[in-house]
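> This is final-v3.pdb (PDB, N, CA and C atoms).
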ATOM      1  N   LEU E 490      43.070-166.409 101.129
ATOM      2  CA  LEU E 490      43.591-165.815  99.916
ATOM      3  C   LEU E 490      43.184-164.352  99.782
ATOM      4  N   ASP E 491      41.997-164.010 100.242
ATOM      5  CA  ASP E 491      41.556-162.618 100.167
ATOM      6  C   ASP E 491      42.458-161.713 100.996
ATOM      7  N   ILE E 492      42.851-162.194 102.169
ATOM      8  CA  ILE E 492      43.738-161.405 103.027
ATOM      9  C   ILE E 492      45.088-161.207 102.354
ATOM     10  N   LEU E 493      45.612-162.254 101.763
ATOM     11  CA  LEU E 493      46.892-162.175 101.068
ATOM     12  C   LEU E 493      46.807-161.244  99.862
ATOM     13  N   ALA E 494      45.764-161.357  99.075
ATOM     14  CA  ALA E 494      45.602-160.536  97.880
ATOM     15  C   ALA E 494      45.416-159.055  98.215
ATOM     16  N   SER E 495      44.847-158.756  99.366
ATOM     17  CA  SER E 495      44.606-157.361  99.730
ATOM     18  C   SER E 495      45.770-156.724 100.490
ATOM     19  N   HIS E 496      46.785-157.486 100.808
ATOM     20  CA  HIS E 496      47.933-156.952 101.539
ATOM     21  C   HIS E 496      48.750-156.037 100.634
ATOM     22  N   PRO E 497      49.186-154.873 101.117
ATOM     23  CA  PRO E 497      49.945-153.920 100.289
ATOM     24  C   PRO E 497      51.240-154.495  99.706
ATOM     25  N   ASN E 498      51.910-155.357 100.457
ATOM     26  CA  ASN E 498      53.150-155.952  99.940
ATOM     27  C   ASN E 498      52.887-156.883  98.764
ATOM     28  N   THR E 499      51.720-157.499  98.734
ATOM     29  CA  THR E 499      51.359-158.361  97.614
ATOM     30  C   THR E 499      51.232-157.536  96.343
ATOM     31  N   ALA E 500      50.589-156.393  96.438
ATOM     32  CA  ALA E 500      50.433-155.516  95.278
ATOM     33  C   ALA E 500      51.797-155.089  94.754
ATOM     34  N   LYS E 501      52.671-154.676  95.628
ATOM     35  CA  LYS E 501      54.015-154.231  95.232
ATOM     36  C   LYS E 501      54.794-155.377  94.586
ATOM     37  N   PHE E 502      54.747-156.550  95.186
ATOM     38  CA  PHE E 502      55.485-157.700  94.676
ATOM     39  C   PHE E 502      54.984-158.112  93.289
ATOM     40  N   LEU E 503      53.679-158.257  93.153
ATOM     41  CA  LEU E 503      53.117-158.702  91.881
ATOM     42  C   LEU E 503      53.317-157.670  90.772
ATOM     43  N   CYS E 504      53.148-156.413  91.103
ATOM     44  CA  CYS E 504      53.312-155.368  90.086
ATOM     45  C   CYS E 504      54.762-155.242  89.652
ATOM     46  N   LYS E 505      55.680-155.412  90.580
ATOM     47  CA  LYS E 505      57.098-155.374  90.200
ATOM     48  C   LYS E 505      57.425-156.526  89.265
ATOM     49  N   LYS E 506      56.903-157.702  89.550
ATOM     50  CA  LYS E 506      57.115-158.858  88.675
ATOM     51  C   LYS E 506      56.528-158.613  87.284
ATOM     52  N   LEU E 507      55.335-158.067  87.248
ATOM     53  CA  LEU E 507      54.659-157.807  85.981
ATOM     54  C   LEU E 507      55.423-156.777  85.157
ATOM     55  N   VAL E 508      55.810-155.688  85.777
ATOM     56  CA  VAL E 508      56.524-154.631  85.061
ATOM     57  C   VAL E 508      57.891-155.120  84.603
ATOM     58  N   SER E 509      58.593-155.847  85.443
ATOM     59  CA  SER E 509      59.921-156.334  85.035
ATOM     60  C   SER E 509      59.828-157.379  83.930
ATOM     61  N   PHE E 510      58.744-158.124  83.866
ATOM     62  CA  PHE E 510      58.553-159.097  82.799
ATOM     63  C   PHE E 510      58.437-158.404  81.449
ATOM     64  N   PHE E 511      57.748-157.266  81.423
ATOM     65  CA  PHE E 511      57.511-156.576  80.158
ATOM     66  C   PHE E 511      58.514-155.478  79.832
ATOM     67  N   THR E 512      59.297-155.001  80.801
ATOM     68  CA  THR E 512      60.243-153.924  80.492
ATOM     69  C   THR E 512      61.680-154.396  80.646
ATOM     70  N   ASN E 513      62.201-154.333  81.847
ATOM     71  CA  ASN E 513      63.568-154.787  82.100
ATOM     72  C   ASN E 513      63.659-155.334  83.512
ATOM     73  N   ASP E 514      64.806-155.847  83.850
ATOM     74  CA  ASP E 514      64.949-156.531  85.135
ATOM     75  C   ASP E 514      64.915-155.594  86.341
ATOM     76  N   ASN E 515      65.190-154.315  86.128
ATOM     77  CA  ASN E 515      65.170-153.336  87.215
ATOM     78  C   ASN E 515      64.302-152.148  86.823
ATOM     79  N   PRO E 516      62.984-152.307  86.858
ATOM     80  CA  PRO E 516      62.106-151.202  86.461
ATOM     81  C   PRO E 516      62.143-150.075  87.492
ATOM     82  N   SER E 517      61.796-148.889  87.043
ATOM     83  CA  SER E 517      61.821-147.723  87.933
ATOM     84  C   SER E 517      60.670-147.791  88.943
ATOM     85  N   GLU E 518      60.915-147.224  90.106
ATOM     86  CA  GLU E 518      59.909-147.212  91.172
ATOM     87  C   GLU E 518      58.636-146.456  90.779
ATOM     88  N   PRO E 519      58.748-145.295  90.110
ATOM     89  CA  PRO E 519      57.502-144.598  89.726
ATOM     90  C   PRO E 519      56.619-145.436  88.801
ATOM     91  N   LEU E 520      57.234-146.177  87.927
ATOM     92  CA  LEU E 520      56.467-147.037  87.020
ATOM     93  C   LEU E 520      55.754-148.136  87.806
ATOM     94  N   ILE E 521      56.452-148.750  88.719
ATOM     95  CA  ILE E 521      55.854-149.794  89.555
ATOM     96  C   ILE E 521      54.724-149.211  90.397
ATOM     97  N   ASN E 522      54.956-148.044  90.975
ATOM     98  CA  ASN E 522      53.955-147.430  91.850
ATOM     99  C   ASN E 522      52.665-147.077  91.111
ATOM    100  N   ARG E 523      52.774-146.676  89.855
ATOM    101  CA  ARG E 523      51.571-146.377  89.070
ATOM    102  C   ARG E 523      50.737-147.637  88.857
ATOM    103  N   VAL E 524      51.409-148.758  88.618
ATOM    104  CA  VAL E 524      50.700-150.025  88.429
ATOM    105  C   VAL E 524      50.132-150.510  89.761
ATOM    106  N   VAL E 525      50.853-150.280  90.852
ATOM    107  CA  VAL E 525      50.357-150.634  92.188
ATOM    108  C   VAL E 525      49.075-149.857  92.499
ATOM    109  N   ASP E 526      49.035-148.592  92.134
ATOM    110  CA  ASP E 526      47.817-147.790  92.354
ATOM    111  C   ASP E 526      46.626-148.404  91.630
ATOM    112  N   THR E 527      46.857-148.868  90.410
ATOM    113  CA  THR E 527      45.782-149.517  89.647
ATOM    114  C   THR E 527      45.388-150.829  90.295
ATOM    115  N   TYR E 528      46.363-151.585  90.778
ATOM    116  CA  TYR E 528      46.084-152.856  91.461
ATOM    117  C   TYR E 528      45.155-152.612  92.647
ATOM    118  N   GLU E 529      45.481-151.604  93.432
ATOM    119  CA  GLU E 529      44.694-151.324  94.633
ATOM    120  C   GLU E 529      43.296-150.797  94.307
ATOM    121  N   SER E 530      43.171-150.033  93.236
ATOM    122  CA  SER E 530      41.860-149.462  92.910
ATOM    123  C   SER E 530      40.950-150.446  92.172
ATOM    124  N   THR E 531      41.525-151.489  91.554
ATOM    125  CA  THR E 531      40.710-152.461  90.810
ATOM    126  C   THR E 531      40.725-153.844  91.442
ATOM    127  N   ASN E 532      41.296-153.955  92.638
ATOM    128  CA  ASN E 532      41.409-155.250  93.321
ATOM    129  C   ASN E 532      42.189-156.273  92.509
ATOM    130  N   GLY E 533      43.219-155.800  91.799
ATOM    131  CA  GLY E 533      44.120-156.707  91.094
ATOM    132  C   GLY E 533      43.631-157.202  89.757
ATOM    133  N   GLU E 534      42.747-156.490  89.121
ATOM    134  CA  GLU E 534      42.236-156.909  87.817
ATOM    135  C   GLU E 534      43.355-156.825  86.777
ATOM    136  N   ILE E 535      43.736-157.966  86.228
ATOM    137  CA  ILE E 535      44.884-158.062  85.325
ATOM    138  C   ILE E 535      44.717-157.183  84.090
ATOM    139  N   LYS E 536      43.540-157.161  83.503
ATOM    140  CA  LYS E 536      43.312-156.353  82.309
ATOM    141  C   LYS E 536      43.610-154.880  82.590
ATOM    142  N   SER E 537      43.177-154.388  83.711
ATOM    143  CA  SER E 537      43.433-152.992  84.078
ATOM    144  C   SER E 537      44.916-152.744  84.325
ATOM    145  N   LEU E 538      45.585-153.704  84.945
ATOM    146  CA  LEU E 538      47.015-153.554  85.204
ATOM    147  C   LEU E 538      47.789-153.439  83.892
ATOM    148  N   LEU E 539      47.488-154.317  82.957
ATOM    149  CA  LEU E 539      48.191-154.291  81.674
ATOM    150  C   LEU E 539      47.842-153.046  80.868
ATOM    151  N   THR E 540      46.595-152.622  80.921
ATOM    152  CA  THR E 540      46.197-151.402  80.217
ATOM    153  C   THR E 540      46.932-150.198  80.780
ATOM    154  N   THR E 541      47.001-150.106  82.092
ATOM    155  CA  THR E 541      47.724-149.010  82.731
ATOM    156  C   THR E 541      49.189-149.039  82.338
ATOM    157  N   LEU E 542      49.784-150.203  82.359
ATOM    158  CA  LEU E 542      51.200-150.343  82.044
ATOM    159  C   LEU E 542      51.494-149.874  80.619
ATOM    160  N   VAL E 543      50.723-150.321  79.672
ATOM    161  CA  VAL E 543      50.978-149.999  78.268
ATOM    162  C   VAL E 543      50.684-148.530  77.965
ATOM    163  N   GLU E 544      49.783-147.919  78.697
ATOM    164  CA  GLU E 544      49.435-146.522  78.457
ATOM    165  C   GLU E 544      50.409-145.530  79.090
ATOM    166  N   LEU E 545      51.304-145.998  79.925
ATOM    167  CA  LEU E 545      52.239-145.095  80.599
ATOM    168  C   LEU E 545      53.415-144.726  79.695
ATOM    169  N   LYS E 546      53.738-143.445  79.694
ATOM    170  CA  LYS E 546      54.875-142.950  78.915
ATOM    171  C   LYS E 546      56.180-143.587  79.406
ATOM    172  N   GLU E 547      56.288-143.776  80.712
ATOM    173  CA  GLU E 547      57.493-144.358  81.298
ATOM    174  C   GLU E 547      57.732-145.788  80.803
ATOM    175  N   PHE E 548      56.643-146.507  80.559
ATOM    176  CA  PHE E 548      56.754-147.877  80.057
ATOM    177  C   PHE E 548      57.501-147.885  78.731
ATOM    178  N   TRP E 549      57.104-147.019  77.821
ATOM    179  CA  TRP E 549      57.721-146.995  76.492
ATOM    180  C   TRP E 549      59.145-146.475  76.552
ATOM    181  N   GLN E 550      59.449-145.614  77.497
ATOM    182  CA  GLN E 550      60.825-145.149  77.663
ATOM    183  C   GLN E 550      61.717-146.286  78.141
ATOM    184  N   GLU E 551      61.216-147.087  79.060
ATOM    185  CA  GLU E 551      62.010-148.204  79.562
ATOM    186  C   GLU E 551      62.131-149.315  78.538
ATOM    187  N   VAL E 552      61.115-149.504  77.733
ATOM    188  CA  VAL E 552      61.177-150.529  76.690
ATOM    189  C   VAL E 552      62.233-150.153  75.660
ATOM    190  N   LYS E 553      62.360-148.860  75.352
ATOM    191  CA  LYS E 553      63.356-148.421  74.383
ATOM    192  C   LYS E 553      64.771-148.650  74.891
ATOM    193  N   VAL E 554      64.954-148.532  76.198
ATOM    194  CA  VAL E 554      66.276-148.728  76.783
ATOM    195  C   VAL E 554      66.700-150.189  76.654
ATOM    196  N   ARG E 555      65.835-151.093  76.964
ATOM    197  CA  ARG E 555      66.122-152.524  76.883
ATOM    198  C   ARG E 555      64.906-153.217  76.292
ATOM    199  N   ILE E 556      65.065-153.674  75.109
ATOM    200  CA  ILE E 556      63.932-154.320  74.450
ATOM    201  C   ILE E 556      63.724-155.687  75.061
ATOM    202  N   LYS E 557      62.589-155.833  75.715
ATOM    203  CA  LYS E 557      62.225-157.094  76.352
ATOM    204  C   LYS E 557      60.753-157.350  76.180
ATOM    205  N   ILE E 558      60.084-156.556  75.370
ATOM    206  CA  ILE E 558      58.648-156.699  75.199
ATOM    207  C   ILE E 558      58.361-158.040  74.533
ATOM    208  N   LYS E 559      57.373-158.709  75.031
ATOM    209  CA  LYS E 559      57.070-160.053  74.545
ATOM    210  C   LYS E 559      55.936-160.025  73.559
TER     211      LYS E 559
END
Please lay out the structure from this file as structure tokens.


Amino acid sequence: LDILASHPNTAKFLCKKLVSFFTNDNPSEPLINRVVDTYESTNGEIKSLLTTLVELKEFWQEVKVRIKIK
């Protein structure tokens, strides 16, 4: 599991799922990449991922386009 969790594709896949869950079905690549950077620097700590996501200006711009916030 450690090998799987540390693989770069895992970070991209999980962060895309997380961002699309809270914003819209096709989130922008820069938004996903910012969350991926946090995933890699914190070893996937969920609290940090969500904090990064909510603090990003791009997040609120995408939420305004399609309201999907839970």

> Got a sec: who's within 12 Å of segment 496-506 of chain E, counting only C-alpha atoms, leaving out chain neighbours fewer than 4 positions off, as a tab-separated table (two decimals) with N, CA and C atoms, in the coordinates of the input?


chain	number	residue	atom	x	y	z
E	490	LEU	N	43.07	-166.41	101.13
E	490	LEU	CA	43.59	-165.82	99.92
E	490	LEU	C	43.18	-164.35	99.78
E	491	ASP	N	42.00	-164.01	100.24
E	491	ASP	CA	41.56	-162.62	100.17
E	491	ASP	C	42.46	-161.71	101.00
E	492	ILE	N	42.85	-162.19	102.17
E	492	ILE	CA	43.74	-161.40	103.03
E	492	ILE	C	45.09	-161.21	102.35
E	510	PHE	N	58.74	-158.12	83.87
E	510	PHE	CA	58.55	-159.10	82.80
E	510	PHE	C	58.44	-158.40	81.45
E	511	PHE	N	57.75	-157.27	81.42
E	511	PHE	CA	57.51	-156.58	80.16
E	511	PHE	C	58.51	-155.48	79.83
E	512	THR	N	59.30	-155.00	80.80
E	512	THR	CA	60.24	-153.92	80.49
E	512	THR	C	61.68	-154.40	80.65
E	513	ASN	N	62.20	-154.33	81.85
E	513	ASN	CA	63.57	-154.79	82.10
E	513	ASN	C	63.66	-155.33	83.51
E	514	ASP	N	64.81	-155.85	83.85
E	514	ASP	CA	64.95	-156.53	85.14
E	514	ASP	C	64.92	-155.59	86.34
E	515	ASN	N	65.19	-154.32	86.13
E	515	ASN	CA	65.17	-153.34	87.22
E	515	ASN	C	64.30	-152.15	86.82
E	516	PRO	N	62.98	-152.31	86.86
E	516	PRO	CA	62.11	-151.20	86.46
E	516	PRO	C	62.14	-150.07	87.49
E	517	SER	N	61.80	-148.89	87.04
E	517	SER	CA	61.82	-147.72	87.93
E	517	SER	C	60.67	-147.79	88.94
E	518	GLU	N	60.92	-147.22	90.11
E	518	GLU	CA	59.91	-147.21	91.17
E	518	GLU	C	58.64	-146.46	90.78
E	519	PRO	N	58.75	-145.29	90.11
E	519	PRO	CA	57.50	-144.60	89.73
E	519	PRO	C	56.62	-145.44	88.80
E	520	LEU	N	57.23	-146.18	87.93
E	520	LEU	CA	56.47	-147.04	87.02
E	520	LEU	C	55.75	-148.14	87.81
E	521	ILE	N	56.45	-148.75	88.72
E	521	ILE	CA	55.85	-149.79	89.56
E	521	ILE	C	54.72	-149.21	90.40
E	522	ASN	N	54.96	-148.04	90.98
E	522	ASN	CA	53.96	-147.43	91.85
E	522	ASN	C	52.66	-147.08	91.11
E	523	ARG	N	52.77	-146.68	89.86
E	523	ARG	CA	51.57	-146.38	89.07
E	523	ARG	C	50.74	-147.64	88.86
E	524	VAL	N	51.41	-148.76	88.62
E	524	VAL	CA	50.70	-150.02	88.43
E	524	VAL	C	50.13	-150.51	89.76
E	525	VAL	N	50.85	-150.28	90.85
E	525	VAL	CA	50.36	-150.63	92.19
E	525	VAL	C	49.08	-149.86	92.50
E	526	ASP	N	49.04	-148.59	92.13
E	526	ASP	CA	47.82	-147.79	92.35
E	526	ASP	C	46.63	-148.40	91.63
E	527	THR	N	46.86	-148.87	90.41
E	527	THR	CA	45.78	-149.52	89.65
E	527	THR	C	45.39	-150.83	90.30
E	528	TYR	N	46.36	-151.58	90.78
E	528	TYR	CA	46.08	-152.86	91.46
E	528	TYR	C	45.16	-152.61	92.65
E	529	GLU	N	45.48	-151.60	93.43
E	529	GLU	CA	44.69	-151.32	94.63
E	529	GLU	C	43.30	-150.80	94.31
E	530	SER	N	43.17	-150.03	93.24
E	530	SER	CA	41.86	-149.46	92.91
E	530	SER	C	40.95	-150.45	92.17
E	531	THR	N	41.52	-151.49	91.55
E	531	THR	CA	40.71	-152.46	90.81
E	531	THR	C	40.72	-153.84	91.44
E	532	ASN	N	41.30	-153.96	92.64
E	532	ASN	CA	41.41	-155.25	93.32
E	532	ASN	C	42.19	-156.27	92.51
E	533	GLY	N	43.22	-155.80	91.80
E	533	GLY	CA	44.12	-156.71	91.09
E	533	GLY	C	43.63	-157.20	89.76
E	534	GLU	N	42.75	-156.49	89.12
E	534	GLU	CA	42.24	-156.91	87.82
E	534	GLU	C	43.36	-156.82	86.78
E	535	ILE	N	43.74	-157.97	86.23
E	535	ILE	CA	44.88	-158.06	85.32
E	535	ILE	C	44.72	-157.18	84.09
E	537	SER	N	43.18	-154.39	83.71
E	537	SER	CA	43.43	-152.99	84.08
E	537	SER	C	44.92	-152.74	84.32
E	538	LEU	N	45.58	-153.70	84.94
E	538	LEU	CA	47.02	-153.55	85.20
E	538	LEU	C	47.79	-153.44	83.89
E	539	LEU	N	47.49	-154.32	82.96
E	539	LEU	CA	48.19	-154.29	81.67
E	539	LEU	C	47.84	-153.05	80.87
E	541	THR	N	47.00	-150.11	82.09
E	541	THR	CA	47.72	-149.01	82.73
E	541	THR	C	49.19	-149.04	82.34
E	542	LEU	N	49.78	-150.20	82.36
E	542	LEU	CA	51.20	-150.34	82.04
E	542	LEU	C	51.49	-149.87	80.62

> Would you mind reading off the distance between atom N of Phe548 of chain E and atom C of Val508 of chain E, one decimal, in Å?

9.6 Å

> Please measure the separation of atom N of Val543 of chain E and atom CA of Ser509 of chain E, giving the value in Å to one decimal.

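We find that atom N of Val543 of chain E and atom CA of Ser509 of chain E lie 12.2 Å from each other.
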
> Run DSSP on the backbone and grab whatever in chain E lands in helix (DSSP H, G or I); send it over as a VMD selection string.

chain E and resid 491 to 495 497 to 511 518 to 531 535 to 544 546 to 554

> What separation in Å, quoted to one decimal, exists between atom N of Glu547 of chain E and atom C of Leu493 of chain E?

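Spanning atom N of Glu547 of chain E to atom C of Leu493 of chain E is a straight-line distance of 27.6 Å.
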